[in-house]
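Trainee: File query21.cif follows (mmCIF, C-alpha atoms):
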```cif
data_upload
loop_
_atom_site.label_atom_id
_atom_site.label_comp_id
_atom_site.auth_asym_id
_atom_site.auth_seq_id
_atom_site.Cartn_x
_atom_site.Cartn_y
_atom_site.Cartn_z
CA ALA A 640 -64.60 120.68 -34.78
CA ILE A 641 -62.73 119.39 -37.83
CA LEU A 642 -64.68 116.75 -39.76
CA GLY A 643 -63.61 114.72 -42.74
CA PRO A 644 -62.97 111.21 -44.11
CA SER A 645 -59.86 109.20 -43.29
CA GLY A 646 -56.83 110.66 -45.04
CA ALA A 647 -58.30 114.15 -45.32
CA GLY A 648 -55.58 115.60 -43.09
CA LYS A 649 -57.53 116.26 -39.88
CA THR A 650 -54.82 115.08 -37.50
CA SER A 651 -52.07 116.62 -39.64
CA LEU A 652 -53.78 120.02 -39.48
CA LEU A 653 -54.21 119.69 -35.73
CA ASN A 654 -50.55 118.74 -35.28
CA ILE A 655 -49.37 121.64 -37.44
CA LEU A 656 -51.45 124.11 -35.44
CA ALA A 657 -50.09 122.58 -32.22
CA GLY A 658 -46.50 122.92 -33.43
CA ARG A 659 -45.92 119.16 -33.57
CA ILE A 660 -45.09 118.91 -37.27
CA ARG A 661 -42.17 120.77 -38.82
CA SER A 662 -40.69 120.96 -42.30
CA LYS A 663 -38.51 117.97 -43.20
CA GLY A 664 -36.78 118.45 -46.52
CA ALA A 665 -38.71 118.69 -49.76
CA GLY A 666 -41.14 115.92 -48.86
CA GLN A 667 -42.71 117.76 -45.93
CA ARG A 668 -42.90 121.54 -45.87
CA VAL A 669 -44.89 123.64 -43.43
CA THR A 670 -45.29 127.33 -44.25
CA GLY A 671 -47.08 130.19 -42.55
CA THR A 672 -47.13 131.76 -39.10
CA ILE A 673 -48.96 130.64 -35.97
CA LEU A 674 -50.31 133.50 -33.87
CA LEU A 675 -51.24 133.19 -30.21
CA ASP A 676 -53.05 136.21 -28.73
CA GLY A 677 -52.14 138.07 -31.92
CA LYS A 678 -48.39 137.42 -31.56
CA PRO A 679 -46.18 134.94 -33.44
CA VAL A 680 -45.17 131.96 -31.32
CA GLY A 681 -42.64 129.18 -31.94
CA SER A 682 -43.29 125.46 -31.67
CA ALA A 683 -41.48 125.03 -28.34
CA GLY A 684 -43.28 127.95 -26.71
CA LEU A 685 -46.63 126.87 -28.12
CA ARG A 686 -46.41 123.34 -26.73
CA LYS A 687 -45.97 124.71 -23.21
CA ARG A 688 -49.05 126.92 -23.45
CA ILE A 689 -51.65 124.61 -24.95
CA ALA A 690 -53.27 121.33 -23.98
CA TYR A 691 -53.18 118.45 -26.45
CA VAL A 692 -55.22 115.27 -25.93
CA MET A 693 -54.12 112.44 -28.20
CA GLN A 694 -56.50 109.96 -29.80
CA GLU A 695 -55.04 107.03 -27.87
CA ASP A 696 -55.40 107.12 -24.08
CA LEU A 697 -51.76 106.71 -23.04
CA LEU A 698 -52.03 106.57 -19.26
CA CYS A 699 -50.08 104.95 -16.43
CA PRO A 700 -52.18 101.85 -15.57
CA THR A 701 -51.18 101.75 -11.89
CA HIS A 702 -52.18 105.37 -11.29
CA THR A 703 -55.66 106.46 -10.25
CA PRO A 704 -57.40 109.38 -12.00
CA ARG A 705 -56.72 111.56 -8.95
CA GLU A 706 -53.02 110.66 -8.96
CA ALA A 707 -52.74 111.14 -12.73
CA LEU A 708 -54.21 114.65 -12.54
CA LEU A 709 -52.11 115.55 -9.50
CA PHE A 710 -48.95 114.31 -11.27
CA SER A 711 -49.72 116.64 -14.18
CA ALA A 712 -50.51 119.52 -11.82
CA MET A 713 -47.30 119.09 -9.82
CA LEU A 714 -45.12 119.23 -12.93
CA ARG A 715 -46.96 121.70 -15.16
CA LEU A 716 -48.48 124.31 -12.88
CA PRO A 717 -46.33 127.21 -11.60
CA ARG A 718 -43.83 126.15 -8.96
CA ASN A 719 -44.92 129.05 -6.71
CA MET A 720 -48.45 127.63 -6.53
CA SER A 721 -49.08 125.87 -3.21
CA LEU A 722 -49.75 122.13 -2.95
CA ALA A 723 -53.16 122.84 -1.38
CA ASP A 724 -54.17 124.98 -4.37
CA LYS A 725 -53.03 122.29 -6.79
CA ARG A 726 -55.00 119.62 -4.95
CA GLU A 727 -58.06 121.87 -4.92
CA LEU A 728 -57.76 122.40 -8.67
CA VAL A 729 -57.44 118.63 -9.21
CA GLU A 730 -60.60 118.00 -7.18
CA LYS A 731 -62.44 120.63 -9.22
CA GLU A 732 -61.43 119.00 -12.50
CA LEU A 733 -62.44 115.56 -11.21
CA GLY A 734 -65.86 116.95 -10.33
CA ASP A 735 -66.26 118.82 -13.62
CA LEU A 736 -65.42 115.67 -15.61
CA GLY A 737 -67.59 113.36 -13.51
CA LEU A 738 -64.68 111.29 -12.20
CA LEU A 739 -65.13 111.62 -8.44
CA HIS A 740 -66.81 108.22 -8.13
CA CYS A 741 -63.75 106.48 -9.66
CA ALA A 742 -61.04 108.93 -8.58
CA ASP A 743 -59.25 106.30 -6.46
CA THR A 744 -59.66 103.32 -8.83
CA TYR A 745 -56.69 102.15 -10.88
CA ILE A 746 -56.77 103.32 -14.50
CA GLY A 747 -55.85 99.78 -15.50
CA ASN A 748 -54.93 97.98 -18.70
CA GLU A 749 -55.25 94.51 -20.20
CA MET A 750 -53.69 92.94 -17.10
CA ILE A 751 -54.97 95.27 -14.37
CA ARG A 752 -58.69 95.80 -13.92
CA GLY A 753 -59.52 99.49 -13.97
CA ILE A 754 -61.92 102.21 -15.05
CA SER A 755 -64.06 102.18 -18.21
CA GLY A 756 -63.10 103.53 -21.62
CA GLY A 757 -65.17 106.68 -21.21
CA GLU A 758 -63.60 107.34 -17.81
CA LYS A 759 -60.12 106.84 -19.27
CA LYS A 760 -60.89 109.37 -21.99
CA ARG A 761 -62.10 111.90 -19.43
CA THR A 762 -59.00 111.25 -17.33
CA ALA A 763 -56.79 111.93 -20.35
CA ILE A 764 -58.68 115.17 -20.93
CA GLY A 765 -58.42 116.12 -17.25
CA ILE A 766 -54.64 115.65 -17.30
CA GLU A 767 -54.45 118.43 -19.89
CA LEU A 768 -57.19 120.66 -18.49
CA VAL A 769 -55.63 120.74 -15.02
CA MET A 770 -53.10 123.29 -16.29
CA ASN A 771 -56.04 125.62 -16.99
CA PRO A 772 -55.19 126.18 -20.67
CA LYS A 773 -56.97 128.69 -22.86
CA LEU A 774 -56.48 126.56 -25.96
CA VAL A 775 -57.21 122.82 -26.02
CA PHE A 776 -56.54 120.49 -28.96
CA LEU A 777 -58.15 117.03 -29.03
CA ASP A 778 -57.58 114.34 -31.64
CA GLU A 779 -60.82 112.35 -32.05
CA PRO A 780 -61.82 112.36 -28.35
CA THR A 781 -64.90 110.22 -29.06
CA SER A 782 -63.01 107.45 -30.89
CA GLY A 783 -63.82 104.02 -29.46
CA LEU A 784 -66.72 105.28 -27.33
CA ASP A 785 -70.40 104.45 -27.69
CA SER A 786 -72.79 107.28 -28.59
CA PHE A 787 -73.81 107.91 -24.96
CA ASN A 788 -70.24 108.19 -23.64
CA ALA A 789 -69.18 110.19 -26.70
CA HIS A 790 -71.93 112.73 -26.07
CA ALA A 791 -71.06 112.82 -22.37
CA VAL A 792 -67.40 113.58 -23.14
CA VAL A 793 -68.23 116.35 -25.62
CA LYS A 794 -70.82 117.85 -23.29
CA LYS A 795 -68.25 117.92 -20.47
CA LEU A 796 -65.80 119.64 -22.81
CA CYS A 797 -68.35 122.27 -23.74
CA GLY A 798 -69.10 122.83 -20.07
CA VAL A 799 -65.42 123.27 -19.26
CA ALA A 800 -65.02 125.66 -22.19
CA LYS A 801 -67.84 127.85 -20.91
CA ALA A 802 -66.73 127.72 -17.28
CA ASP A 803 -63.02 128.36 -17.84
CA GLY A 804 -63.19 130.45 -21.00
CA ALA A 805 -61.16 127.92 -23.00
CA ASN A 806 -61.17 127.52 -26.77
CA ILE A 807 -61.42 123.91 -27.91
CA LEU A 808 -60.36 122.57 -31.30
CA THR A 809 -61.02 118.90 -31.99
CA THR A 810 -61.00 116.45 -34.86
CA ILE A 811 -63.91 114.05 -35.07
CA HIS A 812 -64.74 111.21 -37.44
CA GLN A 813 -68.37 110.06 -37.17
CA PRO A 814 -70.22 112.19 -34.61
CA SER A 815 -73.81 111.49 -33.68
CA SER A 816 -76.37 114.22 -34.31
CA GLU A 817 -76.30 115.23 -30.63
CA VAL A 818 -72.51 115.48 -30.58
CA PHE A 819 -72.37 117.38 -33.88
CA HIS A 820 -74.78 120.07 -32.69
CA GLU A 821 -72.71 120.69 -29.54
CA PHE A 822 -69.97 122.34 -31.61
CA HIS A 823 -70.11 126.08 -32.20
CA LYS A 824 -68.27 125.86 -35.52
CA VAL A 825 -67.24 123.03 -37.82
CA MET A 826 -64.70 122.68 -40.60
CA LEU A 827 -65.21 120.11 -43.36
CA LEU A 828 -62.03 118.79 -44.97
CA TYR A 829 -61.39 116.56 -47.95
CA PRO A 830 -57.98 115.37 -49.24
CA GLY A 831 -56.32 118.51 -50.52
CA GLY A 832 -58.88 121.13 -49.57
CA ARG A 833 -61.48 122.65 -47.28
CA LEU A 834 -65.17 122.50 -48.13
CA PHE A 835 -66.75 124.57 -45.36
CA PHE A 836 -66.05 126.46 -42.17
CA GLY A 837 -68.82 127.96 -40.07
CA THR A 838 -71.66 127.15 -37.71
CA VAL A 839 -73.71 123.97 -37.90
CA ASP A 840 -76.83 125.97 -38.76
CA ALA A 841 -75.00 127.77 -41.55
CA LEU A 842 -73.83 124.44 -42.97
CA SER A 843 -77.39 123.14 -43.08
CA LYS A 844 -78.70 126.30 -44.77
CA GLN A 845 -75.89 126.58 -47.30
CA LEU A 846 -76.12 122.94 -48.33
CA ALA A 847 -79.85 123.44 -48.84
CA ALA A 848 -79.14 126.54 -50.94
CA ALA A 849 -76.76 124.46 -53.07
CA GLU A 850 -79.54 121.88 -53.57
CA LEU A 851 -77.73 119.39 -51.34
CA GLY A 852 -79.95 119.76 -48.32
CA CYS A 853 -79.91 117.17 -45.56
CA PRO A 854 -82.97 114.87 -45.69
CA ALA A 855 -85.38 115.01 -42.77
CA GLU A 856 -84.52 112.79 -39.78
CA TYR A 857 -81.01 112.30 -41.14
CA ASN A 858 -77.76 113.09 -39.32
CA LEU A 859 -76.26 116.25 -40.83
CA ALA A 860 -72.73 115.04 -40.06
CA ASP A 861 -73.34 111.76 -41.91
CA HIS A 862 -74.86 113.68 -44.81
CA ALA A 863 -71.78 115.91 -45.01
CA MET A 864 -69.51 112.86 -44.92
CA VAL A 865 -71.42 111.29 -47.82
CA ILE A 866 -70.86 114.46 -49.86
CA LEU A 867 -67.16 114.52 -48.98
CA GLN A 868 -66.67 110.89 -50.00
CA THR A 869 -68.86 110.62 -53.10
CA LYS A 870 -67.93 113.77 -55.01
CA SER A 871 -64.70 114.35 -56.92
CA LYS A 872 -62.08 116.88 -55.84
CA ASP A 873 -63.09 119.26 -58.61
CA GLU A 874 -66.74 119.07 -57.59
CA LEU A 875 -65.84 119.62 -53.94
CA ALA A 876 -63.61 122.59 -54.82
CA GLN A 877 -66.46 124.17 -56.81
CA LEU A 878 -68.95 123.47 -54.03
CA GLY A 879 -66.53 124.99 -51.51
CA GLN A 880 -66.59 128.27 -53.43
CA GLN A 881 -70.39 128.28 -53.29
CA LEU A 882 -70.38 127.68 -49.55
CA MET A 883 -67.94 130.53 -48.83
CA THR A 884 -69.70 133.47 -47.16
CA LYS A 885 -68.64 136.79 -45.68
CA ASP A 886 -68.94 135.42 -42.13
CA ASN A 887 -66.59 132.58 -42.88
CA VAL A 888 -62.80 132.31 -42.51
CA PRO A 889 -61.83 135.92 -43.43
CA GLU A 890 -63.87 137.27 -40.52
CA VAL A 891 -62.24 134.86 -38.09
CA VAL A 892 -58.77 135.83 -39.33
CA ARG A 893 -59.46 139.55 -39.04
CA ARG A 894 -60.90 139.33 -35.57
CA ASN A 895 -58.47 140.30 -32.82
CA SER A 896 -58.08 137.79 -30.05
CA GLN A 897 -59.78 138.78 -26.83
CA ALA A 898 -58.91 135.62 -24.93
CA THR A 899 -56.89 135.69 -21.76
CA SER A 900 -53.19 135.36 -22.43
CA ALA A 901 -52.02 131.77 -22.54
CA THR A 902 -48.52 132.68 -21.40
CA PRO A 903 -47.55 130.87 -18.20
CA ASP A 904 -47.36 133.13 -15.16
CA SER A 905 -44.11 131.56 -13.95
CA LYS A 906 -41.88 128.57 -14.44
CA ALA A 907 -43.20 125.10 -13.82
CA ALA A 908 -41.45 122.34 -11.88
CA GLY A 909 -37.66 122.21 -11.88
CA PHE A 910 -35.41 119.19 -12.35
CA GLY A 911 -35.58 118.15 -8.69
CA ARG A 912 -39.38 118.13 -8.59
CA GLN A 913 -39.53 116.28 -11.92
CA LEU A 914 -37.16 113.61 -10.61
CA LEU A 915 -39.11 113.25 -7.36
CA GLU A 916 -42.52 112.90 -9.01
CA LEU A 917 -41.26 110.52 -11.70
CA SER A 918 -39.46 108.34 -9.14
CA ARG A 919 -42.57 108.26 -6.98
CA ARG A 920 -44.68 107.15 -9.95
CA GLU A 921 -42.17 104.44 -10.89
CA LEU A 922 -42.07 103.10 -7.32
CA LEU A 923 -45.87 103.07 -7.11
CA GLY A 924 -46.00 101.20 -10.40
CA VAL A 925 -43.59 98.54 -9.15
CA TRP A 926 -45.35 98.14 -5.80
CA ARG A 927 -48.89 98.03 -7.19
CA ASP A 928 -48.10 95.55 -9.95
CA LYS A 929 -48.31 92.62 -7.54
CA ALA A 930 -48.02 89.95 -10.22
CA GLY A 931 -44.88 91.54 -11.63
CA LEU A 932 -43.41 92.07 -8.15
CA ILE A 933 -43.96 88.44 -7.15
CA ALA A 934 -42.57 87.22 -10.47
CA SER A 935 -39.43 89.36 -10.06
CA VAL A 936 -38.68 87.47 -6.82
CA MET A 937 -39.92 83.97 -7.61
CA VAL A 938 -38.53 83.57 -11.14
CA PRO A 939 -34.83 84.14 -10.27
CA THR A 940 -35.21 82.10 -7.07
CA ILE A 941 -36.65 79.02 -8.80
CA LEU A 942 -34.44 79.34 -11.88
CA ASN A 943 -31.23 79.63 -9.88
CA LEU A 944 -32.21 76.78 -7.57
CA PHE A 945 -32.39 74.68 -10.73
CA PHE A 946 -28.96 75.92 -11.90
CA ALA A 947 -27.44 75.40 -8.44
CA ALA A 948 -28.71 71.81 -8.33
CA ILE A 949 -27.12 71.07 -11.72
CA PHE A 950 -23.79 72.66 -10.74
CA SER A 951 -23.82 71.50 -7.12
CA GLN A 952 -20.43 72.00 -5.37
CA VAL A 953 -18.60 72.77 -8.64
CA GLY A 954 -16.84 75.66 -6.90
CA ASP A 955 -15.31 73.56 -4.12
CA THR A 956 -11.65 73.60 -5.12
CA THR A 957 -10.72 71.20 -2.28
CA ALA A 958 -13.11 68.47 -3.39
CA GLU A 959 -11.81 65.34 -5.09
CA GLY A 960 -12.44 65.49 -8.83
CA TYR A 961 -12.66 69.29 -8.96
CA ASP A 962 -13.15 70.43 -12.57
CA PRO A 963 -12.30 74.08 -13.36
CA ASN A 964 -14.35 73.90 -16.56
CA SER A 965 -17.46 72.97 -14.58
CA HIS A 966 -16.64 75.74 -12.09
CA PHE A 967 -16.35 78.28 -14.90
CA GLY A 968 -19.48 76.93 -16.61
CA GLY A 969 -21.57 77.25 -13.46
CA MET A 970 -20.51 80.85 -12.84
CA THR A 971 -21.06 81.76 -16.49
CA GLN A 972 -24.53 80.23 -16.47
CA VAL A 973 -25.54 82.20 -13.38
CA ALA A 974 -24.10 85.44 -14.79
CA ILE A 975 -25.77 85.06 -18.19
CA GLY A 976 -29.07 84.09 -16.59
CA GLY A 977 -28.89 87.16 -14.37
CA MET A 978 -28.14 89.48 -17.29
CA PHE A 979 -31.05 88.16 -19.31
CA GLY A 980 -33.25 88.31 -16.22
CA ALA A 981 -32.41 92.01 -15.75
CA ALA A 982 -32.74 92.91 -19.43
CA GLN A 983 -35.89 91.07 -20.47
CA PRO A 984 -38.42 92.97 -18.29
CA LEU A 985 -37.12 96.35 -19.48
CA LEU A 986 -36.90 95.18 -23.08
CA LEU A 987 -40.59 94.27 -22.95
CA LYS A 988 -41.81 97.07 -20.68
CA PHE A 989 -40.23 100.19 -22.14
CA PRO A 990 -42.00 99.97 -25.53
CA LEU A 991 -45.26 100.01 -23.53
CA ASP A 992 -44.10 103.07 -21.57
CA ARG A 993 -42.73 104.80 -24.63
CA GLY A 994 -46.09 106.21 -25.69
CA ILE A 995 -46.65 107.72 -22.24
CA PHE A 996 -43.17 109.26 -22.29
CA LEU A 997 -43.62 110.76 -25.77
CA ARG A 998 -47.00 112.25 -24.82
CA GLU A 999 -45.68 113.82 -21.64
CA TYR A 1000 -42.41 114.94 -23.20
CA ALA A 1001 -44.24 116.59 -26.11
CA THR A 1002 -46.27 118.69 -23.67
CA ALA A 1003 -43.11 119.72 -21.76
CA THR A 1004 -44.27 117.92 -18.61
CA TYR A 1005 -40.66 116.92 -17.85
CA GLY A 1006 -37.30 116.51 -19.52
CA ALA A 1007 -35.65 113.35 -20.81
CA PRO A 1008 -32.77 113.43 -18.25
CA ALA A 1009 -35.20 113.40 -15.31
CA TYR A 1010 -37.15 110.52 -16.87
CA PHE A 1011 -34.05 108.40 -17.52
CA LEU A 1012 -32.57 109.09 -14.09
CA SER A 1013 -35.83 108.18 -12.34
CA LYS A 1014 -35.91 104.87 -14.21
CA THR A 1015 -32.31 104.21 -13.17
CA MET A 1016 -32.91 105.12 -9.52
CA VAL A 1017 -35.83 102.70 -9.27
CA GLU A 1018 -33.92 100.00 -11.14
CA LEU A 1019 -30.87 100.19 -8.83
CA PRO A 1020 -32.48 98.69 -5.69
CA GLN A 1021 -34.42 96.16 -7.78
CA SER A 1022 -31.22 94.94 -9.43
CA PHE A 1023 -29.42 94.78 -6.09
CA LEU A 1024 -32.24 92.74 -4.54
CA ASN A 1025 -32.12 90.41 -7.53
CA ALA A 1026 -28.35 89.96 -7.08
CA VAL A 1027 -28.76 89.15 -3.38
CA ILE A 1028 -31.50 86.60 -4.12
CA VAL A 1029 -29.48 84.90 -6.86
CA TRP A 1030 -26.29 84.48 -4.85
CA THR A 1031 -28.10 83.60 -1.63
CA VAL A 1032 -29.58 80.68 -3.54
CA THR A 1033 -26.46 79.64 -5.49
CA TYR A 1034 -23.40 80.58 -3.43
CA TRP A 1035 -23.46 77.75 -0.89
CA ILE A 1036 -25.18 75.10 -3.02
CA MET A 1037 -22.57 75.54 -5.76
CA GLY A 1038 -19.77 75.62 -3.17
CA MET A 1039 -18.34 78.97 -4.24
CA ASN A 1040 -15.27 80.47 -2.58
CA GLY A 1041 -14.38 84.10 -2.01
CA ASN A 1042 -16.21 87.10 -0.63
CA PHE A 1043 -20.00 86.78 -0.94
CA LEU A 1044 -20.41 90.57 -1.23
CA TYR A 1045 -18.01 90.70 -4.20
CA TYR A 1046 -20.13 88.15 -6.04
CA VAL A 1047 -23.25 90.23 -5.34
CA LEU A 1048 -21.66 93.52 -6.45
CA ILE A 1049 -20.21 92.06 -9.65
CA PHE A 1050 -23.53 90.41 -10.48
CA TRP A 1051 -25.29 93.72 -9.71
CA GLY A 1052 -22.98 95.59 -12.09
CA THR A 1053 -23.45 93.14 -14.96
CA GLY A 1054 -27.21 93.24 -14.40
CA LEU A 1055 -27.23 97.05 -14.59
CA ALA A 1056 -25.16 96.94 -17.79
CA ALA A 1057 -27.63 94.50 -19.33
CA ALA A 1058 -30.59 96.61 -18.16
CA SER A 1059 -29.06 99.76 -19.68
CA THR A 1060 -28.52 97.96 -22.98
CA ALA A 1061 -32.11 96.73 -22.93
CA LEU A 1062 -33.34 100.25 -22.20
CA PHE A 1063 -31.36 101.53 -25.18
CA VAL A 1064 -32.73 98.82 -27.49
CA GLY A 1065 -36.25 99.48 -26.22
CA CYS A 1066 -35.88 103.14 -27.22
CA LEU A 1067 -35.21 102.26 -30.86
#
```
Kindly present the structure from the file in structure tokens form.
Mentor:
Amino acid sequence: AILGPSGAGKTSLLNILAGRIRSKGAGQRVTGTILLDGKPVGSAGLRKRIAYVMQEDLLCPTHTPREALLFSAMLRLPRNMSLADKRELVEKELGDLGLLHCADTYIGNEMIRGISGGEKKRTAIGIELVMNPKLVFLDEPTSGLDSFNAHAVVKKLCGVAKADGANILTTIHQPSSEVFHEFHKVMLLYPGGRLFFGTVDALSKQLAAAELGCPAEYNLADHAMVILQTKSKDELAQLGQQLMTKDNVPEVVRRNSQATSATPDSKAAGFGRQLLELSRRELLGVWRDKAGLIASVMVPTILNLFFAAIFSQVGDTTAEGYDPNSHFGGMTQVAIGGMFGAAQPLLLKFPLDRGIFLREYATATYGAPAYFLSKTMVELPQSFLNAVIVWTVTYWIMGMNGNFLYYVLIFWGTGLAAASTALFVGCL
């Protein structure tokens, strides 16, 4: 575990080790070599072989824990692994993480009632563990949890590490005494340096030897944090030299890795499987979001009934007093309303989905082309249905002439153009 005050560089260190931070000019330089099983590995290769659990639980709200884990398994496990084996592995992870009782409950969000915060955290962990990694990185997995749930999450992680032979590296901010003593080794960081790296027992003994022993009935982690935040950098650097021992970092560096190779046995899902699973998730999301589904039908219906009533029979060129300006105005109003109606949901929704995409893309779950195409494929029938609804409501009331299907297809095309523009703006 990596422990330190805010701004000490805990997450930055974790991201560097995970290959997520690279050199960017003179302002940000990363030097050194990352070894995996004793061999140098690049950032792209490393991201495919490790599990990384972010601090924020970025999960699809309309998925269940079982579906979320199976989605990860289908896209990240070897393609030659059978579906039955993948399902069996998912069930095992659900049991190991204590999620079987809520496996078929929606994950939820602010609008959809779902599982608890602790269960969401365990689901996020399970999504990464389902690929059976030998190296797991977690960024503050206990953040936002009460002491009981925090201890439960860490205890589950320790159990998984023992059962599967995984190595777990996590940052943590304010662990309880129970949580702190679950870790085999801890690293104490302060802005610009490292104070200690070793076992929890060694930390207690070495602080006592330096006349900074932890008071009785006091949390050792809190005591260490007080030292990190109250002493100057020079004092911490001097103390760090006192706490260095022969069984510290040099020994860990010299030791040859004996862990099972983290290299994938074979390729994961191809483009076709990625497209299928992403499209299935998108369709489930649309269908299960009942409020959004009803609104997507009712809003254009009511709005265009209102427009049609205002521009009633403006398209009847045989009527006495026909005004081409009113005819043009009515068609323009319907077209503009349809374009905004197609663009607004995506403009608001994609920023919410962006975090999920970035998390899954960073772990090489799927590629950007498959994600974009799945969004488009699900949007096509929705836009067509919207076009049919709009012109079914307005065509006869407004007295339009010409082929009804042409109106629908043109409206469909303008709606797709607006939706694509909104998707682009949402990506910014």
Trainee: Apply the PyMOL selection byres ((chain A and resi 922) around 12) to the structure shown and report the selected residues as a list in words.
Mentor: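 Selection result, ordered by chain and number: Thr701, His702, Leu915, Glu916, Leu917, Ser918, Arg919, Arg920, Glu921, Leu923, Gly924, Val925, Trp926, Arg927, Asp928, Leu932, Ser1013, Lys1014, Thr1015, Met1016, Val1017, Glu1018, Leu1019, Pro1020 and Gln1021 of chain A.
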Trainee: Those selected residues, please, written with C-alpha atoms and delivered as a tab-separated table (two decimals), in the frame of the given file.
Mentor:
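Output contents, as saved in out-v1.tsv:
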```
chain	number	residue	atom	x	y	z
A	701	THR	CA	-51.18	101.75	-11.89
A	702	HIS	CA	-52.18	105.37	-11.29
A	915	LEU	CA	-39.11	113.25	-7.36
A	916	GLU	CA	-42.52	112.90	-9.01
A	917	LEU	CA	-41.26	110.52	-11.70
A	918	SER	CA	-39.46	108.34	-9.14
A	919	ARG	CA	-42.57	108.26	-6.98
A	920	ARG	CA	-44.68	107.15	-9.95
A	921	GLU	CA	-42.17	104.44	-10.89
A	923	LEU	CA	-45.87	103.07	-7.11
A	924	GLY	CA	-46.00	101.20	-10.40
A	925	VAL	CA	-43.59	98.54	-9.15
A	926	TRP	CA	-45.35	98.14	-5.80
A	927	ARG	CA	-48.89	98.03	-7.19
A	928	ASP	CA	-48.10	95.55	-9.95
A	932	LEU	CA	-43.41	92.07	-8.15
A	1013	SER	CA	-35.83	108.18	-12.34
A	1014	LYS	CA	-35.91	104.87	-14.21
A	1015	THR	CA	-32.31	104.21	-13.17
A	1016	MET	CA	-32.91	105.12	-9.52
A	1017	VAL	CA	-35.83	102.70	-9.27
A	1018	GLU	CA	-33.92	100.00	-11.14
A	1019	LEU	CA	-30.87	100.19	-8.83
A	1020	PRO	CA	-32.48	98.69	-5.69
A	1021	GLN	CA	-34.42	96.16	-7.78
```
Trainee: When the PyMOL selection byres ((chain A and resi 1055) around 12) is applied to the structure above, which residues does it catch, written out as a PyMOL selection string?
Mentor: chain A and resi 977-982+985+1014-1023+1025-1026+1048-1054+1056-1062
Trainee: Apply the PyMOL selection byres ((chain A and resi 825) around 9) to the structure shown and report the selected residues as a list of chain:residue names.
Mentor: A:Ala640, A:Ile641, A:Leu642, A:Phe819, A:Phe822, A:His823, A:Lys824, A:Met826, A:Leu827, A:Phe835, A:Phe836, A:Gly837, A:Thr838, A:Val839, A:Leu842
Trainee: Could you jot down the atom CA of A:Gly737 to atom CA of A:Pro772 separation for me, Å, one decimal place?
Mentor: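 Value for the atom CA of A:Gly737-atom CA of A:Pro772 distance: 19.2 Å.
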Trainee: What's the 10 Å shell around A:Asp785, counting only C-alpha atoms, without same-chain residues fewer than 5 positions away, as a list of chain:residue names?
Mentor: A:Gly756, A:Gly757, A:His790, A:Ala791, A:Ser815
Trainee: Give me the residues near stretch 777-783 of chain A as JSON, numbers by chain, where near means some atom within 10 Å (using all atoms listed in the file) and where sequence neighbours in that chain fewer than 3 positions away do not count.
Mentor: {"A": [640, 641, 642, 649, 650, 651, 653, 654, 690, 691, 692, 693, 694, 695, 696, 756, 757, 760, 761, 763, 764, 767, 786, 788, 789, 790, 791, 792, 793, 796, 807, 808, 809, 810, 811, 812, 813, 814, 818]}
Trainee: Please dump the current selection as an mmCIF file, keeping the file's coordinate frame; keep C-alpha atoms.
Mentor:
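Result went into out25.cif, see below:
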```cif
data_model
loop_
_atom_site.group_PDB
_atom_site.id
_atom_site.type_symbol
_atom_site.label_atom_id
_atom_site.label_comp_id
_atom_site.auth_asym_id
_atom_site.auth_seq_id
_atom_site.Cartn_x
_atom_site.Cartn_y
_atom_site.Cartn_z
ATOM 1 C CA ALA A 640 -64.600 120.680 -34.780
ATOM 2 C CA ILE A 641 -62.730 119.390 -37.830
ATOM 3 C CA LEU A 642 -64.680 116.750 -39.760
ATOM 4 C CA LYS A 649 -57.530 116.260 -39.880
ATOM 5 C CA THR A 650 -54.820 115.080 -37.500
ATOM 6 C CA SER A 651 -52.070 116.620 -39.640
ATOM 7 C CA LEU A 653 -54.210 119.690 -35.730
ATOM 8 C CA ASN A 654 -50.550 118.740 -35.280
ATOM 9 C CA ALA A 690 -53.270 121.330 -23.980
ATOM 10 C CA TYR A 691 -53.180 118.450 -26.450
ATOM 11 C CA VAL A 692 -55.220 115.270 -25.930
ATOM 12 C CA MET A 693 -54.120 112.440 -28.200
ATOM 13 C CA GLN A 694 -56.500 109.960 -29.800
ATOM 14 C CA GLU A 695 -55.040 107.030 -27.870
ATOM 15 C CA ASP A 696 -55.400 107.120 -24.080
ATOM 16 C CA GLY A 756 -63.100 103.530 -21.620
ATOM 17 C CA GLY A 757 -65.170 106.680 -21.210
ATOM 18 C CA LYS A 760 -60.890 109.370 -21.990
ATOM 19 C CA ARG A 761 -62.100 111.900 -19.430
ATOM 20 C CA ALA A 763 -56.790 111.930 -20.350
ATOM 21 C CA ILE A 764 -58.680 115.170 -20.930
ATOM 22 C CA GLU A 767 -54.450 118.430 -19.890
ATOM 23 C CA SER A 786 -72.790 107.280 -28.590
ATOM 24 C CA ASN A 788 -70.240 108.190 -23.640
ATOM 25 C CA ALA A 789 -69.180 110.190 -26.700
ATOM 26 C CA HIS A 790 -71.930 112.730 -26.070
ATOM 27 C CA ALA A 791 -71.060 112.820 -22.370
ATOM 28 C CA VAL A 792 -67.400 113.580 -23.140
ATOM 29 C CA VAL A 793 -68.230 116.350 -25.620
ATOM 30 C CA LEU A 796 -65.800 119.640 -22.810
ATOM 31 C CA ILE A 807 -61.420 123.910 -27.910
ATOM 32 C CA LEU A 808 -60.360 122.570 -31.300
ATOM 33 C CA THR A 809 -61.020 118.900 -31.990
ATOM 34 C CA THR A 810 -61.000 116.450 -34.860
ATOM 35 C CA ILE A 811 -63.910 114.050 -35.070
ATOM 36 C CA HIS A 812 -64.740 111.210 -37.440
ATOM 37 C CA GLN A 813 -68.370 110.060 -37.170
ATOM 38 C CA PRO A 814 -70.220 112.190 -34.610
ATOM 39 C CA VAL A 818 -72.510 115.480 -30.580
#
```
